[in-house]
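Here is the structure we will look at, set down as structure tokens.
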Amino acid sequence: METIRVEDLSKSYAKTQALSEVGFTARAGTVLGLLGPNGSGKTTTVRVLSTLIRADSGRAWIDGHDVMAQPHRVRAAIGLTGQYAAVDDELSGQHNLELIGRLLGLSRAAARGRATELIERFRLEDAAARLTKTYSGGMRRRLDVAASLVGRPRVLFLDEPTTGLDPRSRTEVWTLVRELVADGVTVLLTTQYLEEADHLANDLVVLDQGRVVATGTPTELKARVGGLALQMRVADPAQGAQAAAYVAEATGVAPGVDADTGLIDAAVADVTALRRVAARLEAEGIRFVELGLRQATLDEVFFALTGRTARPADPAQDPDPAQAPDPAPVTAGAAERKPR
Amino acid sequence: MSSAQHSTPAQLPADPGRGALVSHTLILAGRHLTKLRAAPQIVVFSVLQPLIMMLLFMVLFAGAVSGSQSAYLQFLLPGMLAQNAAFMVTTVGQAINSDIDKGIFDRFRSLPIARPAPLIAHILGDLPRQAATTLALLAFGFCIGFRVHTDPLSVVLAVALVLLVSFAFSWIALTIGLIADKPESVNMLVMILLFPMAFGSNTMVATDTLPGWLQAWAKVNPVTHLTDAVRALLTGPASDSGSALGSTLLACAVILVLFVPLAVRAFTRRL
Ligand SMILES: Nc1ncnc2c1ncn2[C@@H]1O[C@H](COP(=O)(O)OP(=O)(O)OP(=O)(O)O)[C@@H](O)[C@H]1O
Ligand SMILES: [Mg+2]
């Protein structure tokens, strides 16, 4: 069953067409990832679906309720974590959550109980009584996500929920999303972190300049743009340039070379390029520590679809640099690629 | 989290239901009380500015207006209470603007609650602080020699009247808070609007000593009527307050008729 259904949503502001005929659906109990660069319309989509703004045209249903015609029912079904933490600085974490609980019709005692439960779940016990203006960015973010869960929503909107979180908190949010989904909650998550979309989303909608440029599962999208990349690293960094030249010769494209890690990365059509490179390296006596094929990353998919990279990667986001390679070009236009 | 606790779509009401506006407004106004209780020093800060101004005026104008400082205080304090009804509402505009700015309003608006509740809560929620500020100013006046020459009931009426006017002024500040693009501009805009009310009045000197054009303004200025009413109610004779009281109530009605719809429009337009 579709829990989120969006048809032809358009929304324009004075100068910008924020959304044009955006449409997608999300099945119950799945994570839909809304992926797109800055200004592509992710937040606008979330704001329309959470009844904060009206679209100029088009329709949308949340859990069967029409977003335009039955906003109150929609509000009763959803939880919203906006792009910027919406907590009251002058209240404690506990009070922030209690306030939401009371507004949702819980008794004083029930609101307190629910707040305490969420405070524990988000590891904020030590800070619960403190004013939130003393919280770190990550703590605020966690409290903000907690606030959107007070009402046990059936549909949860998370607009860039892990932006600014340290890797540990980010992993916790991921775990939480998986738990919620296991409970039958449908999650719409926007992100600029392709890795995050890859980890969490069952389905992806890629937005660019207010338009849907692709939809599908992460695997489908990766397969669609051609799919493979050769990745290698030589034992002696001094031989890096030489090795890169062999790769260029064998594949026909200039590979990306990471100055820090020495990682050489190039899009390839099939496995024969790998064989040619391996044979050449062996003939020249160049030792390598890594040589293989991998599936294209979402970064590359993203670049291929939108012609630009996602936001510059946050170093803290990459537990192992080797696993988050440079967004190597999959299509022509490599020269336009902005350096990280 | 168990899915058994999710309400099914069929059970969800189509609108907030009766009584929701009152209860949601009270819950949201309670947020301001929680803050006041956590930081009662807020009152000290909001009373500091009128206190300093009052002392300054006493030093500057006592000689020119009434001869002695104690006689001038009798004249000045009711005016300060009235003037402060305008000054102390700035916070209402700032608070709502910062709620919008920080996205707190978006969170409220994404909840199944009565739509105007967050708006009205900002007005009601600030009233306790305004009351505390007014009482603190009055109490300070007593300490430096102000004396009431009427009865307790008149004093209560005077304070109530000040708060009624600050309630009406709150809607002006609220409207500005909804229109202003950022919290910093709220202060300035509120001042531009309320400054003529606060100073173009008989707060510090009698109306007939003002230049002609200013007299014309002072005579329609609600702060002038409030000052007249509060003066009569505190320093007597209380029976003289009648017409000033009527004019003050009328002024409040006019402000509310103008600014409640304006605020509601700004609210629905902006959000
Ligand atoms: N209130 C507004 N007034 C004018 N333009 C707006 C408004 N809100 C959004 N826009 C414009 O609409 C477009 C889409 O914005 P939106 O916030 O949805 O993008 P986004 O994908 O969430 O971007 P980001 O990754 O930066 O958060 C942008 O060009 C933005 O400037
Ligand atoms: Mg956004």
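Letters for chains follow the order of the structure tokens (A, B, ...), residue numbers begin at 1 for each chain, and ligand numbers begin at 1 in the order shown.
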*asked:* Set the distance at 12 Å and use only C-alpha atoms: which residues neighbour Phe87 of chain B once local chain neighbours fewer than 6 positions away are removed? I'd like the list as a PyMOL selection string.
replied: chain B and resi 46-50+53+80-81+93+130+133-134+162+165-167+169-170+172-173+187-188+190-199+223
*So which residues touch Ala121 of chain B within 8 Å, counting only C-alpha atoms, skipping near sequence neighbours fewer than 6 positions away, as a list in words?*
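These residues fall inside the cut-off: Thr25, Leu26, Leu28 and Ala29 of chain B.
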_Within 8 Å of chain B, which residues belong to chain A? Use only C-alpha atoms and report them as a PyMOL selection string._
chain A and resi 50-53+63-64+70+72-73+75-82+84-88+90-91+99+102-104+152-154+180+183-184
*Give the alpha helix (DSSP H) residues of segment 12-141 of chain B, as assigned by DSSP on the backbone, as JSON, numbers by chain.*
{"B": [20, 21, 22, 23, 24, 25, 26, 27, 28, 29, 30, 31, 32, 33, 34, 35, 36, 37, 38, 41, 42, 43, 44, 45, 46, 47, 48, 49, 50, 51, 52, 53, 54, 55, 56, 57, 58, 59, 60, 61, 62, 63, 64, 65, 69, 70, 71, 72, 73, 74, 75, 76, 77, 78, 79, 80, 81, 82, 83, 84, 85, 86, 87, 90, 91, 92, 93, 94, 95, 96, 97, 98, 99, 100, 101, 102, 104, 105, 106, 107, 108, 109, 117, 118, 119, 120, 121, 122, 123, 124, 125, 126, 127, 128, 129, 130, 131, 132, 133, 134, 135, 136, 137, 138, 139, 140, 141]}
*Return as a ChimeraX atom specification the residues of protein, DNA or RNA that approach ligand 1 to within 8 Å, with only C-alpha atoms and all ligand atoms taken into account.*
/A:12-19,36-46,83,159-160,191-192,207,209-210
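Using only C-alpha atoms and all ligand atoms, the shortest contact distance between ligand 2 and any of A:Arg141, A:Leu124, A:Asp56, A:Leu158 is found at A:Leu158.
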*Contacts of Ser57 of chain A at 8 Å or less, counting only C-alpha atoms, minus same-chain residues fewer than 2 places along, as a list in words?*
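The contact residues come out as Asp8, Leu9, Ser10, Lys11, Ala55 and Arg59 of chain A.
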*Please give the complete set of residues from segment 82-210 of chain A that DSSP, run on the backbone, assigns to strand (DSSP E or B), formatted as a PyMOL selection string.*
chain A and resi 92+131+155-159+186-191+203-208
*Which distance in Å separates atom CA of Arg280 of chain A and atom CA of Val247 of chain A, to one decimal?*
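Pair atom CA of Arg280 of chain A / atom CA of Val247 of chain A returns 9.1 Å.
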*Quick one: residues within 8 Å of Phe288 of chain A, only C-alpha atoms counted, chain neighbours fewer than 2 positions away excluded, as a list in words?*
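Residues near the query, excluding close chain neighbours: Met232, Arg233, Val234, Ala235, Asp236, Ile286, Glu290 and Leu291 of chain A.
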Write a file of the selected residues as a PDB file, in the first residue's frame, keeping C-alpha atoms.
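The resulting file, part.pdb, is shown below:
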```pdb
ATOM      1  CA  MET A 232      43.660   0.603  -7.787  1.00  0.00           C
ATOM      2  CA  ARG A 233      46.546   1.729  -5.642  1.00  0.00           C
ATOM      3  CA  VAL A 234      50.264   1.039  -6.180  1.00  0.00           C
ATOM      4  CA  ALA A 235      52.660   0.038  -3.427  1.00  0.00           C
ATOM      5  CA  ASP A 236      55.219   2.715  -4.242  1.00  0.00           C
ATOM      6  CA  ILE A 286      54.835  -2.322 -10.693  1.00  0.00           C
ATOM      7  CA  GLU A 290      44.772  -2.834  -4.401  1.00  0.00           C
ATOM      8  CA  LEU A 291      43.236  -3.571  -7.778  1.00  0.00           C
TER       9      LEU A 291
END
```
_as a PyMOL selection string, please: the residues near Leu138 of chain B (cut-off 12 Å, only C-alpha atoms, same-chain neighbours under 2 positions excluded)._
chain B and resi 47+50-51+54+73-74+76-82+84+131-136+140-148+155-156+158-159+162+230+234
*Name the closest residue to ligand 2 among the candidates A:Leu118, A:Leu35, A:Ala127, A:Leu143; distances are taken between atoms, counting only C-alpha atoms and all ligand atoms.*
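Among the listed residues, the smallest separation from ligand 2 belongs to A:Leu35.
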*Within 9 Å of Leu256 of chain B, counting only C-alpha atoms, which residues qualify if same-chain residues fewer than 4 places away don't, as an MDAnalysis selection string?*
chainID B and resid 168:169 171:172 251:252 260:261
*asked:* Just the number, please: distance in Å from atom CA of Thr248 of chain B to atom CA of Asp208 of chain B, one decimal.
replied: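 Separation between atom CA of Thr248 of chain B and atom CA of Asp208 of chain B: 19.2 Å.
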*What gap, in Å, lies between atom CA of Thr175 of chain A and atom CA of Val301 of chain A?*
25.1 Å
_Just want the 10 Å neighbourhood of Gly137 of chain A, counted on only C-alpha atoms, with same-chain residues fewer than 3 positions away dropped. Output as JSON, numbers by chain._
{"A": [85, 132, 133, 134, 140, 141, 142, 143, 163, 164, 165, 166]}
Can you write just those residues out, C-alpha atoms, as an mmCIF file, in the first residue's frame?
```
data_model
loop_
_atom_site.group_PDB
_atom_site.id
_atom_site.type_symbol
_atom_site.label_atom_id
_atom_site.label_comp_id
_atom_site.auth_asym_id
_atom_site.auth_seq_id
_atom_site.Cartn_x
_atom_site.Cartn_y
_atom_site.Cartn_z
ATOM 1 C CA ALA A 85 16.506 22.026 14.740
ATOM 2 C CA THR A 132 18.606 23.520 25.290
ATOM 3 C CA LYS A 133 20.630 26.622 24.488
ATOM 4 C CA THR A 134 23.464 24.884 26.342
ATOM 5 C CA ARG A 140 19.841 19.632 19.679
ATOM 6 C CA ARG A 141 19.411 17.578 16.576
ATOM 7 C CA ARG A 142 18.693 14.446 18.618
ATOM 8 C CA LEU A 143 16.171 16.320 20.740
ATOM 9 C CA THR A 163 23.565 17.018 8.849
ATOM 10 C CA GLY A 164 26.024 18.196 11.466
ATOM 11 C CA LEU A 165 25.992 15.004 13.500
ATOM 12 C CA ASP A 166 29.153 13.147 14.445
#
```
